$ cat final_3.txt   # compact mmCIF, C-alpha atoms
# COMPACT_ATOMS: atom_id res chain seq x y z
CA MET R 1 20.33 17.32 0.60
CA VAL R 2 18.21 20.26 -0.54
CA ASN R 3 14.63 20.30 0.83
CA GLY R 4 15.03 17.02 2.60
CA PHE R 5 16.49 15.07 5.48
CA SER R 6 17.47 11.45 5.34
CA PRO R 7 18.16 10.32 8.92
CA ALA R 8 19.71 6.93 9.60
CA THR R 9 18.05 6.29 12.95
CA LEU R 10 14.73 7.01 14.65
CA GLN R 11 16.46 9.18 17.24
CA GLU R 12 17.92 11.34 14.50
CA ALA R 13 14.55 11.51 12.72
CA LEU R 14 12.80 12.68 15.90
CA GLU R 15 15.44 15.37 16.47
CA ILE R 16 14.84 16.71 12.95
CA ARG R 17 11.07 16.47 13.42
CA ALA R 18 11.36 18.55 16.59
CA ARG R 19 13.57 21.24 15.07
CA HIS R 20 12.21 21.68 11.54
CA SER R 21 8.89 21.94 9.79
CA VAL R 22 8.99 18.76 7.70
CA THR R 23 6.60 16.39 5.98
CA PRO R 24 7.33 12.77 6.86
CA TYR R 25 7.86 10.72 3.71
CA ALA R 26 7.50 6.96 4.08
CA GLY R 27 6.41 5.47 0.74
CA GLY R 28 5.48 8.71 -1.00
CA THR R 29 2.69 7.12 -3.02
CA ASP R 30 0.04 9.48 -1.63
CA LEU R 31 2.28 12.54 -1.20
CA MET R 32 3.54 12.47 -4.77
CA ILE R 33 0.10 12.46 -6.42
CA ASN R 34 -0.20 16.15 -5.72
CA PRO R 35 3.18 17.16 -4.37
CA ASP R 36 3.89 20.45 -2.71
CA PRO R 37 6.91 21.84 -4.59
CA ASP R 38 8.03 23.67 -1.43
CA ALA R 39 7.79 20.62 0.81
CA VAL R 40 10.75 19.66 2.96
CA TYR R 41 10.62 15.92 3.38
CA LEU R 42 11.79 13.79 6.26
CA PHE R 43 12.58 10.47 4.59
CA VAL R 44 11.75 7.68 7.02
CA ASN R 45 11.48 4.87 4.45
CA HIS R 46 14.72 3.18 5.46
CA ILE R 47 14.81 3.75 9.24
CA PRO R 48 15.42 0.28 10.70
CA GLU R 49 13.34 0.84 13.86
CA MET R 50 10.33 1.59 11.67
CA LYS R 51 10.63 -1.49 9.48
CA GLN R 52 10.43 -4.22 12.11
CA ILE R 53 7.74 -6.90 12.35
CA GLU R 54 7.54 -8.63 15.70
CA GLN R 55 4.96 -10.74 17.54
CA ARG R 56 4.87 -10.15 21.29
CA GLY R 57 2.26 -12.32 22.98
CA ASP R 58 -1.16 -11.54 21.50
CA GLN R 59 0.12 -8.42 19.73
CA LEU R 60 1.83 -7.96 16.43
CA HIS R 61 4.07 -4.90 16.29
CA LEU R 62 4.38 -3.55 12.78
CA GLY R 63 6.86 -0.80 11.97
CA ALA R 64 5.07 2.13 10.35
CA ALA R 65 7.51 2.19 7.41
CA CYS R 66 6.87 -1.45 6.47
CA THR R 67 5.89 -1.58 2.83
CA TYR R 68 2.91 -3.55 1.60
CA THR R 69 5.21 -5.92 -0.26
CA GLN R 70 7.24 -6.53 2.90
CA LEU R 71 4.03 -7.44 4.76
CA LEU R 72 2.65 -9.59 1.94
CA GLU R 73 5.82 -11.67 2.03
CA HIS R 74 6.20 -11.89 5.81
CA PRO R 75 5.11 -15.08 7.61
CA LEU R 76 3.76 -13.19 10.66
CA THR R 77 1.35 -11.00 8.67
CA PRO R 78 -2.25 -12.08 9.47
CA ALA R 79 -4.32 -13.42 6.56
CA ILE R 80 -6.91 -10.63 6.84
CA LEU R 81 -4.19 -7.98 6.37
CA LYS R 82 -2.71 -9.88 3.43
CA ALA R 83 -6.19 -10.13 1.87
CA ALA R 84 -6.55 -6.36 2.05
CA ILE R 85 -3.02 -5.60 0.82
CA ASP R 86 -3.39 -8.01 -2.07
CA LEU R 87 -6.08 -5.73 -3.53
CA ILE R 88 -4.25 -2.45 -2.99
CA ALA R 89 -3.03 -0.87 -6.25
CA ALA R 90 -0.41 -2.97 -8.08
CA PRO R 91 3.08 -4.36 -7.33
CA ALA R 92 5.04 -1.15 -8.03
CA ILE R 93 2.90 0.85 -5.59
CA ARG R 94 2.94 -1.95 -3.02
CA ASN R 95 6.75 -1.96 -3.21
CA GLU R 96 6.83 1.67 -2.06
CA GLY R 97 3.60 2.31 -0.12
CA THR R 98 3.67 1.83 3.65
CA ILE R 99 1.07 1.14 6.33
CA GLY R 100 2.15 4.19 8.34
CA GLY R 101 1.72 6.36 5.29
CA ASN R 102 -1.71 4.87 4.61
CA ILE R 103 -2.71 5.90 8.16
CA ALA R 104 -1.12 9.36 8.04
CA ASN R 105 -2.83 10.18 4.76
CA GLY R 106 -6.03 10.34 6.79
CA SER R 107 -8.41 8.85 4.23
CA ALA R 108 -11.38 6.67 5.15
CA LYS R 109 -10.82 4.78 1.90
CA ALA R 110 -7.43 3.47 3.02
CA ASP R 111 -7.74 -0.29 2.77
CA SER R 112 -5.07 -1.28 5.30
CA VAL R 113 -6.48 1.24 7.80
CA LEU R 114 -9.81 -0.61 7.74
CA ILE R 115 -8.08 -3.74 9.03
CA PHE R 116 -6.45 -1.78 11.83
CA PHE R 117 -9.88 -0.42 12.81
CA VAL R 118 -11.68 -3.77 12.83
CA ALA R 119 -8.80 -5.26 14.85
CA ASP R 120 -8.92 -2.36 17.35
CA ALA R 121 -5.25 -1.64 16.74
CA SER R 122 -3.29 1.05 18.54
CA LEU R 123 -0.64 3.39 17.22
CA LYS R 124 2.67 4.19 18.80
CA LEU R 125 3.56 7.83 18.37
CA ASN R 126 7.01 9.04 19.24
CA SER R 127 8.51 12.46 19.73
CA GLN R 128 11.92 13.33 21.05
CA SER R 129 10.53 13.80 24.54
CA ALA R 130 7.68 11.31 24.77
CA GLU R 131 6.02 8.17 23.53
CA ARG R 132 2.29 7.57 23.57
CA ILE R 133 0.10 4.70 22.48
CA ILE R 134 -3.43 5.49 21.39
CA PRO R 135 -6.26 3.47 19.82
CA ILE R 136 -6.53 4.11 16.09
CA ARG R 137 -10.18 5.13 16.58
CA ASP R 138 -9.05 8.05 18.74
CA PHE R 139 -6.27 8.98 16.32
CA TYR R 140 -8.75 9.78 13.54
CA ARG R 141 -10.78 12.77 14.64
CA GLU R 142 -12.43 13.36 11.28
CA ARG R 143 -11.41 13.25 7.63
CA LYS R 144 -7.75 14.35 7.36
CA GLN R 145 -7.83 15.44 11.02
CA LEU R 146 -5.39 13.33 12.97
CA ASP R 147 -4.22 13.39 16.55
CA LEU R 148 -0.60 13.84 15.51
CA ARG R 149 1.54 16.63 16.90
CA PRO R 150 4.02 18.44 14.63
CA ASP R 151 6.96 16.89 16.48
CA GLU R 152 5.61 13.32 16.40
CA LEU R 153 6.02 10.38 14.05
CA ILE R 154 3.80 7.31 13.78
CA THR R 155 6.37 4.64 14.50
CA GLU R 156 4.41 1.45 15.07
CA ILE R 157 1.03 -0.18 14.61
CA ILE R 158 0.15 -2.53 17.44
CA LEU R 159 -2.27 -5.14 16.17
CA PRO R 160 -4.06 -7.48 18.59
CA THR R 161 -4.10 -10.82 16.75
CA LYS R 162 -6.32 -12.94 19.01
CA TRP R 163 -9.54 -12.55 16.98
CA LEU R 164 -8.19 -12.19 13.46
CA ASP R 165 -8.36 -15.79 12.24
CA HIS R 166 -12.07 -15.89 11.39
CA TYR R 167 -12.50 -12.94 9.10
CA TYR R 168 -14.62 -11.68 6.25
CA TYR R 169 -13.21 -9.08 3.89
CA LYS R 170 -14.69 -7.59 0.77
CA LYS R 171 -13.64 -4.61 -1.31
CA VAL R 172 -16.05 -3.18 -3.85
CA GLY R 173 -14.23 -1.19 -6.51
CA ALA R 174 -14.59 -0.46 -10.20
CA ARG R 175 -12.08 -3.15 -11.23
CA LYS R 176 -9.70 -5.71 -9.76
CA ALA R 177 -6.33 -3.96 -9.82
CA LEU R 178 -5.58 -0.28 -9.16
CA ALA R 179 -9.03 0.26 -7.69
CA ILE R 180 -9.99 2.78 -5.05
CA SER R 181 -12.65 1.36 -2.75
CA ARG R 182 -16.23 2.43 -3.29
CA VAL R 183 -17.13 0.47 -0.21
CA VAL R 184 -14.84 -1.79 1.76
CA PHE R 185 -15.92 -3.98 4.65
CA ALA R 186 -14.18 -6.19 7.18
CA GLY R 187 -15.81 -8.38 9.82
CA LEU R 188 -14.46 -10.65 12.53
CA LEU R 189 -16.57 -13.28 14.23
CA THR R 190 -15.38 -16.07 16.49
CA TRP R 191 -17.55 -18.78 18.03
CA GLN R 192 -16.53 -20.39 21.32
CA ASP R 193 -18.65 -23.22 22.75
CA ASP R 194 -21.55 -22.33 20.39
CA VAL R 195 -21.57 -18.75 21.62
CA ILE R 196 -20.26 -15.68 19.80
CA ALA R 197 -17.11 -14.76 21.71
CA HIS R 198 -16.12 -11.88 19.50
CA CYS R 199 -17.75 -9.79 16.78
CA ALA R 200 -16.25 -6.69 15.17
CA THR R 201 -17.11 -4.90 11.93
CA ALA R 202 -15.74 -1.88 10.10
CA PHE R 203 -16.79 -0.01 6.96
CA GLY R 204 -14.42 2.00 4.80
CA ALA R 205 -15.15 4.68 2.21
CA VAL R 206 -18.58 5.50 3.63
CA SER R 207 -17.85 8.49 5.86
CA GLY R 208 -15.06 10.84 6.85
CA VAL R 209 -13.39 8.16 8.93
CA VAL R 210 -13.69 4.38 8.97
CA LEU R 211 -16.99 3.43 10.64
CA ARG R 212 -16.51 1.11 13.61
CA CYS R 213 -19.37 0.67 16.09
CA PRO R 214 -18.40 -1.75 18.87
CA GLU R 215 -21.55 -0.90 20.79
CA LEU R 216 -23.64 -2.34 17.92
CA ASP R 217 -21.40 -5.39 17.42
CA ALA R 218 -21.87 -6.04 21.16
CA LEU R 219 -25.52 -6.86 20.36
CA LEU R 220 -24.31 -10.22 19.05
CA ILE R 221 -21.55 -11.04 21.54
CA GLY R 222 -22.48 -13.77 24.03
CA LYS R 223 -25.37 -14.98 21.88
CA THR R 224 -26.00 -18.54 20.69
CA ARG R 225 -26.73 -19.12 17.02
CA SER R 226 -30.49 -19.05 17.48
CA GLU R 227 -30.29 -15.97 19.69
CA ALA R 228 -28.09 -14.26 17.10
CA GLN R 229 -30.54 -15.17 14.34
CA ALA R 230 -33.32 -13.61 16.40
CA ALA R 231 -31.22 -10.48 16.95
CA LYS R 232 -30.17 -10.22 13.28
CA ALA R 233 -32.93 -7.89 12.09
CA GLY R 234 -32.33 -5.49 14.98
CA TYR R 235 -28.59 -5.56 14.40
CA LEU R 236 -28.96 -4.76 10.71
CA ALA R 237 -31.50 -2.02 11.44
CA ALA R 238 -29.16 -0.45 14.01
CA PHE R 239 -26.39 -0.28 11.41
CA GLY R 240 -28.90 1.05 8.89
CA ASP R 241 -29.50 3.98 11.25
CA MET R 242 -25.79 4.48 11.82
CA ILE R 243 -24.60 4.45 8.21
CA ALA R 244 -25.01 7.84 6.58
CA PRO R 245 -22.66 7.67 3.62
CA ILE R 246 -21.01 10.59 1.96
CA GLN R 247 -21.95 11.42 -1.61
CA GLY R 248 -18.95 10.94 -3.87
CA ARG R 249 -18.40 9.38 -7.24
CA VAL R 250 -21.14 6.94 -6.33
CA SER R 251 -24.40 7.85 -4.67
CA ALA R 252 -24.94 7.70 -0.93
CA GLU R 253 -27.91 5.36 -1.45
CA TYR R 254 -25.75 2.90 -3.39
CA ARG R 255 -23.05 2.97 -0.74
CA LYS R 256 -25.52 2.35 2.06
CA GLU R 257 -27.20 -0.53 0.25
CA VAL R 258 -23.84 -2.17 -0.46
CA CYS R 259 -22.81 -1.75 3.19
CA LEU R 260 -25.94 -3.50 4.42
CA ASN R 261 -25.63 -6.24 1.78
CA LEU R 262 -22.05 -6.91 2.91
CA LEU R 263 -23.05 -6.91 6.56
CA THR R 264 -25.85 -9.38 5.79
CA ASP R 265 -23.46 -11.57 3.81
CA PHE R 266 -20.99 -11.49 6.70
CA LEU R 267 -23.67 -12.79 9.08
CA THR R 268 -24.94 -15.38 6.58
CA SER R 269 -21.44 -16.68 6.01
CA ASN R 270 -21.21 -17.23 9.76
CA GLY R 271 -24.50 -19.16 9.82
CA ILE R 272 -26.54 -16.30 11.26
CA MET T 1 22.09 20.60 3.85
CA ASN T 2 23.77 21.24 0.49
CA GLN T 3 25.28 17.89 -0.31
CA GLY T 4 23.89 16.23 -3.38
CA ILE T 5 21.77 13.09 -3.38
CA VAL T 6 24.18 10.29 -4.19
CA PHE T 7 22.84 7.21 -5.95
CA LYS T 8 23.72 4.79 -8.70
CA LEU T 9 22.05 5.32 -12.03
CA ASN T 10 22.35 2.43 -14.46
CA GLY T 11 25.48 1.34 -12.68
CA GLN T 12 27.17 4.75 -12.57
CA PRO T 13 27.50 6.75 -9.35
CA VAL T 14 25.82 10.16 -9.66
CA SER T 15 25.08 13.07 -7.36
CA TYR T 16 21.89 15.07 -7.83
CA THR T 17 22.13 18.59 -6.45
CA GLY T 18 18.51 19.65 -7.01
CA SER T 19 15.64 19.40 -4.55
CA ALA T 20 14.96 16.18 -2.65
CA ALA T 21 11.28 16.82 -3.38
CA ASP T 22 11.74 16.63 -7.16
CA ARG T 23 10.12 13.69 -8.91
CA LEU T 24 12.45 10.91 -9.94
CA LEU T 25 10.57 10.70 -13.27
CA ASP T 26 11.25 14.34 -14.13
CA VAL T 27 14.88 14.15 -13.06
CA LEU T 28 15.52 11.00 -15.10
CA ARG T 29 14.03 12.55 -18.21
CA GLN T 30 15.17 16.17 -17.88
CA THR T 31 18.46 16.05 -15.99
CA TYR T 32 19.81 12.71 -17.13
CA ARG T 33 18.00 12.64 -20.50
CA LEU T 34 16.82 9.08 -20.01
CA THR T 35 13.71 9.45 -22.12
CA GLY T 36 12.93 5.74 -22.26
CA VAL T 37 11.15 6.46 -18.97
CA LYS T 38 7.70 7.66 -20.06
CA CYS T 39 5.15 9.83 -18.33
CA GLY T 40 1.62 8.49 -18.76
CA CYS T 41 -0.62 9.44 -15.88
CA ASN T 42 1.72 11.06 -13.33
CA GLU T 43 -0.27 9.46 -10.50
CA GLY T 44 0.95 5.90 -10.18
CA GLU T 45 -1.78 4.27 -12.23
CA CYS T 46 -0.27 3.39 -15.60
CA GLY T 47 3.28 2.08 -15.09
CA ALA T 48 4.77 3.83 -18.14
CA CYS T 49 7.36 5.44 -15.83
CA SER T 50 8.41 2.14 -14.21
CA VAL T 51 12.03 1.84 -13.10
CA LEU T 52 13.84 -0.55 -10.81
CA ILE T 53 14.96 0.74 -7.41
CA ASP T 54 17.31 -1.80 -5.84
CA GLY T 55 15.76 -4.38 -8.14
CA HIS T 56 12.14 -3.63 -7.17
CA LEU T 57 9.62 -2.20 -9.60
CA ALA T 58 8.62 1.37 -8.80
CA ASN T 59 6.60 4.09 -10.50
CA SER T 60 9.15 6.89 -10.84
CA CYS T 61 6.36 9.50 -10.89
CA MET T 62 5.58 8.55 -7.27
CA VAL T 63 9.13 8.80 -5.97
CA ALA T 64 10.84 11.90 -4.59
CA MET T 65 14.56 12.19 -5.24
CA GLY T 66 15.52 12.01 -1.56
CA ARG T 67 14.13 8.48 -1.42
CA VAL T 68 16.73 7.12 -3.84
CA GLU T 69 19.77 8.27 -1.88
CA ASN T 70 22.28 5.40 -1.73
CA CYS T 71 20.00 3.28 -3.93
CA GLU T 72 20.53 1.73 -7.30
CA VAL T 73 18.16 3.00 -10.00
CA THR T 74 17.85 1.11 -13.27
CA THR T 75 15.96 2.46 -16.26
CA ILE T 76 15.25 0.73 -19.55
CA GLU T 77 18.47 2.31 -20.93
CA GLY T 78 20.55 0.45 -18.35
CA TYR T 79 18.51 -2.73 -18.44
CA SER T 80 18.81 -2.93 -22.24
CA GLN T 81 22.52 -3.69 -21.77
CA THR T 82 21.74 -7.02 -20.12
CA GLU T 83 21.45 -10.52 -21.50
CA ARG T 84 18.01 -10.85 -19.91
CA PHE T 85 16.85 -7.87 -21.94
CA GLN T 86 17.99 -9.52 -25.18
CA VAL T 87 15.82 -12.55 -24.37
CA LEU T 88 12.80 -10.40 -23.56
CA GLU T 89 13.32 -8.22 -26.64
CA GLN T 90 13.38 -11.25 -28.94
CA ALA T 91 10.36 -12.80 -27.23
CA TYR T 92 8.33 -9.57 -27.50
CA ALA T 93 9.28 -9.28 -31.18
CA ALA T 94 8.48 -12.92 -31.92
CA VAL T 95 4.80 -12.50 -30.98
CA SER T 96 4.41 -8.84 -31.99
CA ALA T 97 3.84 -7.82 -28.38
CA VAL T 98 4.73 -4.20 -29.16
CA GLN T 99 2.40 -1.86 -30.97
CA CYS T 100 2.70 1.87 -30.25
CA GLY T 101 5.46 1.13 -27.77
CA TYR T 102 4.73 3.78 -25.14
CA CYS T 103 4.13 1.29 -22.34
CA ILE T 104 6.93 -1.05 -23.37
CA PRO T 105 9.89 0.30 -21.34
CA GLY T 106 7.79 -0.10 -18.20
CA MET T 107 6.33 -3.36 -19.41
CA ILE T 108 9.81 -4.84 -19.97
CA LEU T 109 10.93 -3.86 -16.45
CA ALA T 110 7.70 -5.33 -15.02
CA SER T 111 8.44 -8.49 -17.04
CA GLU T 112 11.92 -8.61 -15.50
CA CYS T 113 10.37 -8.44 -12.01
CA VAL T 114 7.90 -11.23 -12.83
CA LEU T 115 10.71 -13.49 -14.03
CA ALA T 116 13.10 -12.56 -11.21
CA ARG T 117 10.41 -13.66 -8.76
CA HIS T 118 8.98 -16.57 -10.74
CA PRO T 119 11.48 -18.00 -13.25
CA HIS T 120 8.68 -20.32 -14.44
CA PRO T 121 5.65 -18.09 -14.01
CA SER T 122 2.04 -19.21 -14.29
CA GLU T 123 -0.26 -17.08 -16.42
CA THR T 124 -1.82 -15.68 -13.24
CA GLU T 125 1.58 -14.72 -11.83
CA ILE T 126 2.38 -12.92 -15.08
CA ARG T 127 -0.94 -11.06 -15.15
CA LEU T 128 -0.64 -10.05 -11.48
CA GLY T 129 2.93 -8.87 -12.11
CA LEU T 130 1.75 -6.70 -15.01
CA SER T 131 -1.38 -5.45 -13.24
CA GLY T 132 0.08 -1.97 -12.73
CA ASN T 133 1.25 -1.56 -16.32
CA LEU T 134 -1.45 -0.47 -18.71
CA CYS T 135 -1.33 -1.08 -22.44
CA ARG T 136 -4.05 0.33 -24.68
CA CYS T 137 -2.93 -1.41 -27.89
CA THR T 138 -2.17 -5.06 -27.47
CA GLY T 139 -4.89 -6.42 -25.23
CA TYR T 140 -2.09 -7.96 -23.12
CA ASN T 141 -2.30 -11.51 -24.45
CA ALA T 142 0.74 -11.11 -26.70
CA ILE T 143 2.72 -9.62 -23.81
CA VAL T 144 1.78 -12.53 -21.54
CA LYS T 145 2.83 -14.90 -24.30
CA ALA T 146 6.14 -13.05 -24.74
CA ILE T 147 6.97 -13.51 -21.06
CA GLN T 148 6.17 -17.21 -21.29
CA ILE T 149 8.52 -17.48 -24.27
CA ALA T 150 11.24 -15.50 -22.48
CA ALA T 151 10.96 -17.82 -19.46
CA GLU T 152 11.52 -20.78 -21.76
CA LYS T 153 14.25 -19.33 -23.97
CA GLY T 154 16.02 -17.66 -21.07
CA GLU T 155 16.13 -20.81 -18.96
CA GLY T 156 18.78 -20.33 -16.27
CA LEU T 157 19.04 -16.57 -16.71
CA TRP T 158 16.45 -15.82 -14.03
$ encode --input "final_3.txt" --output "structure tokens"
Amino acid sequence: MVNGFSPATLQEALEIRARHSVTPYAGGTDLMINPDPDAVYLFVNHIPEMKQIEQRGDQLHLGAACTYTQLLEHPLTPAILKAAIDLIAAPAIRNEGTIGGNIANGSAKADSVLIFFVADASLKLNSQSAERIIPIRDFYRERKQLDLRPDELITEIILPTKWLDHYYYKKVGARKALAISRVVFAGLLTWQDDVIAHCATAFGAVSGVVLRCPELDALLIGKTRSEAQAAKAGYLAAFGDMIAPIQGRVSAEYRKEVCLNLLTDFLTSNGI
Amino acid sequence: MNQGIVFKLNGQPVSYTGSAADRLLDVLRQTYRLTGVKCGCNEGECGACSVLIDGHLANSCMVAMGRVENCEVTTIEGYSQTERFQVLEQAYAAVSAVQCGYCIPGMILASECVLARHPHPSETEIRLGLSGNLCRCTGYNAIVKAIQIAAEKGEGLW
């Protein structure tokens, strides 16, 4: 085809990626908003190796070219990821859009990316000569700056599922469907024997990349309910210092206030 | 690299020899003259350009031609030849669910996808299924009603 390659296998796709200057095309729903007329696309939307969904022990392996609809309908997809996908765009976009594309687009407003951050997911990146697995937090250097080499493809998202059951997710947008997040928040908190065994939070749409501060969430880990209640003010204040939102369509002050309200609600909903 | 993009368009095999980066929407309207596919927003927000790709609803403004290779693309022109369409057409007419009509080709294909998935849809299932198709005339209630009527009258078709 003219200006495009449509490989049948991952191996073939990686060979093309190594030899040509191409733009990987998974769902196209971000690329086609402002398409480059001179782009040469590498269509990866139907590559079988990139569409698999498989649980291996405590990790769910999601092919990067899985569409949102595929994940919404799959029994292995965790509820927190379904909750996020359910509020992304509308059915026609969810039928095409992929999780790998959402990551590669590099936006901190990407709603599925937030879930991968709060879950401390890793990405599998393949080139013809090598494979590497890196935490998603290291993959995003800053807005639109990704640790992806020109010969690599994002092939898989590796999602640790152990702590995902007890989640809090809230997206604040201008309307219910077809909304771009003004602020989006996800929190995970698991009690074991009256002690907080795990706490993780992530904020989307507030800075160049998704904000994830495990060192602050660690303030609550290992605490009993009363200890956590005593630590609450300090925890919120620490996040208050950390959150310095970007000014966009909504003011930075508004974004920050919403972030702290959501964080407070997350704690309250967990009895803290 | 000079082979055309082969796909089925409304049941007929075709080969597109232009760029794989071209928009499906533009190609449908300009090359194949299927002008029932409308351009509203050109950014995946309004659903006026909805088509079916292998039976799934897609915004053709958000699809590059290379993506449809070996796929089956159905526009309102092809869908209007089906019995299901006749049922939807009559139901839309019965409750005056069409006003200016610009959104209707996309709305009909979205209706098809609602009914293919839920032959007896709840109101919520209908509204979620139409959530990517904007209509500035009707206020949606008549369209929702039309789909409920089509589900009833077309019993067994979906």
$ closest_atom_pairs --input "final_3.txt" --of "range 74-123 of chain T" --to "range 1-25 of chain T" --cutoff "9 Å" --atoms "only C-alpha atoms" --output "CSV"
residue,atom,partner,partner_atom,distance
T:Thr74,CA,T:Asn10,CA,4.8
T:Thr75,CA,T:Asn10,CA,6.6
T:Ile76,CA,T:Asn10,CA,8.9
T:Glu77,CA,T:Asn10,CA,7.5
T:Gly78,CA,T:Asn10,CA,4.7
T:Tyr79,CA,T:Asn10,CA,7.6
$ write_last_selection --input "final_3.txt" --atoms "C-alpha atoms" --output "PDB file, in the frame of the given file"
ATOM      1  CA  THR T  74      17.850   1.110 -13.270  1.00  0.00           C
ATOM      2  CA  THR T  75      15.960   2.460 -16.260  1.00  0.00           C
ATOM      3  CA  ILE T  76      15.250   0.730 -19.550  1.00  0.00           C
ATOM      4  CA  GLU T  77      18.470   2.310 -20.930  1.00  0.00           C
ATOM      5  CA  GLY T  78      20.550   0.450 -18.350  1.00  0.00           C
ATOM      6  CA  TYR T  79      18.510  -2.730 -18.440  1.00  0.00           C
TER       7      TYR T  79
END
$ interface_residues --input "final_3.txt" --of "chain R" --to "chain T" --cutoff "9 Å" --atoms "all atoms listed in the file" --output "MDAnalysis selection string"
chainID R and resid 1:6 25:46 89:96 177:178
$ atom_distance --input "final_3.txt" --atom1 "CA of Cys213 in chain R" --atom2 "CA of Ser112 in chain R"
18.0 Å
$ closest_residue --input "final_3.txt" --among "R:Gln192, R:Thr268, R:Ser129, R:Gln247" --to "Gln229 in chain R" --atoms "only C-alpha atoms"
R:Thr268
$ atom_distance --input "final_3.txt" --atom1 "CA of Arg56 in chain R" --atom2 "CA of Arg141 in chain R"
28.5 Å
$ residues_around --input "final_3.txt" --residues "Ala48 in chain T" --least-positions-apart "2" --cutoff "8 Å" --atoms "only C-alpha atoms" --output "ChimeraX atom specification"
/T:37-40,46,50,59,102-107,133-134
$ residues_around --input "final_3.txt" --residues "Leu260 in chain R" --least-positions-apart "5" --cutoff "8 Å" --atoms "all atoms listed in the file" --output "ChimeraX atom specification"
/R:236,239-240
$ residues_near_point --input "final_3.txt" --point "(-9.2, 2.8, 3.0)" --cutoff "12 Å" --atoms "all atoms listed in the file" --output "PyMOL selection string"
chain R and resi 84-85+87-89+99+101-117+143+170-173+179-186+202-211
$ atom_distance --input "final_3.txt" --atom1 "CA of Leu188 in chain R" --atom2 "CA of Tyr167 in chain R"
4.6 Å
$ residues_around --input "final_3.txt" --residues "Ala83 in chain R" --least-positions-apart "5" --cutoff "9 Å" --atoms "all atoms listed in the file" --output "MDAnalysis selection string"
chainID R and resid 72 78 169:170
$ residues_around --input "final_3.txt" --residues "Ala94 in chain T" --least-positions-apart "2" --cutoff "12 Å" --atoms "all atoms listed in the file" --output "compact mmCIF listing (two decimals) with C-alpha atoms, in the coordinates of the input"
# COMPACT_ATOMS: atom_id res chain seq x y z
CA VAL T 87 15.82 -12.55 -24.37
CA LEU T 88 12.80 -10.40 -23.56
CA GLU T 89 13.32 -8.22 -26.64
CA GLN T 90 13.38 -11.25 -28.94
CA ALA T 91 10.36 -12.80 -27.23
CA TYR T 92 8.33 -9.57 -27.50
CA SER T 96 4.41 -8.84 -31.99
CA ALA T 97 3.84 -7.82 -28.38
CA VAL T 98 4.73 -4.20 -29.16
CA ALA T 142 0.74 -11.11 -26.70
CA ILE T 143 2.72 -9.62 -23.81
CA LYS T 145 2.83 -14.90 -24.30
CA ALA T 146 6.14 -13.05 -24.74
CA ILE T 147 6.97 -13.51 -21.06
CA GLN T 148 6.17 -17.21 -21.29
CA ILE T 149 8.52 -17.48 -24.27
CA ALA T 150 11.24 -15.50 -22.48
CA LYS T 153 14.25 -19.33 -23.97
$ residues_near_point --input "final_3.txt" --point "(-1.6, -11.8, 26.4)" --cutoff "12 Å" --atoms "only C-alpha atoms" --output "list in words"
Gln55, Arg56, Gly57, Asp58, Gln59, Leu60, Pro160, Thr161 and Lys162 of chain R
$ write_last_selection --input "final_3.txt" --atoms "C-alpha atoms" --output "PDB file, keeping the file's coordinate frame"
ATOM      1  CA  GLN R  55       4.960 -10.740  17.540  1.00  0.00           C
ATOM      2  CA  ARG R  56       4.870 -10.150  21.290  1.00  0.00           C
ATOM      3  CA  GLY R  57       2.260 -12.320  22.980  1.00  0.00           C
ATOM      4  CA  ASP R  58      -1.160 -11.540  21.500  1.00  0.00           C
ATOM      5  CA  GLN R  59       0.120  -8.420  19.730  1.00  0.00           C
ATOM      6  CA  LEU R  60       1.830  -7.960  16.430  1.00  0.00           C
ATOM      7  CA  PRO R 160      -4.060  -7.480  18.590  1.00  0.00           C
ATOM      8  CA  THR R 161      -4.100 -10.820  16.750  1.00  0.00           C
ATOM      9  CA  LYS R 162      -6.320 -12.940  19.010  1.00  0.00           C
TER      10      LYS R 162
END
$ decode --input "final_3.txt" --residues "range 38-45 of chain R" --atoms "N, CA and C atoms" --output "tab-separated table (two decimals), in the first residue's frame"
chain	number	residue	atom	x	y	z
R	38	ASP	N	1.86	13.51	5.33
R	38	ASP	CA	3.02	12.79	4.81
R	38	ASP	C	3.39	11.57	5.65
R	39	ALA	N	2.57	11.26	6.64
R	39	ALA	CA	2.91	10.15	7.53
R	39	ALA	C	2.93	8.83	6.77
R	40	VAL	N	3.85	7.98	7.16
R	40	VAL	CA	3.83	6.59	6.70
R	40	VAL	C	3.48	5.75	7.92
R	41	TYR	N	2.34	5.08	7.85
R	41	TYR	CA	1.85	4.38	9.03
R	41	TYR	C	2.25	2.91	9.02
R	42	LEU	N	2.53	2.44	10.22
R	42	LEU	CA	2.72	1.00	10.44
R	42	LEU	C	1.47	0.53	11.18
R	43	PHE	N	0.60	-0.15	10.47
R	43	PHE	CA	-0.68	-0.57	11.06
R	43	PHE	C	-0.47	-1.81	11.93
R	44	VAL	N	-0.67	-1.63	13.22
R	44	VAL	CA	-0.46	-2.75	14.15
R	44	VAL	C	-1.78	-3.20	14.78
R	45	ASN	N	-2.90	-2.65	14.26
R	45	ASN	CA	-4.20	-2.88	14.91
R	45	ASN	C	-4.66	-4.33	14.87
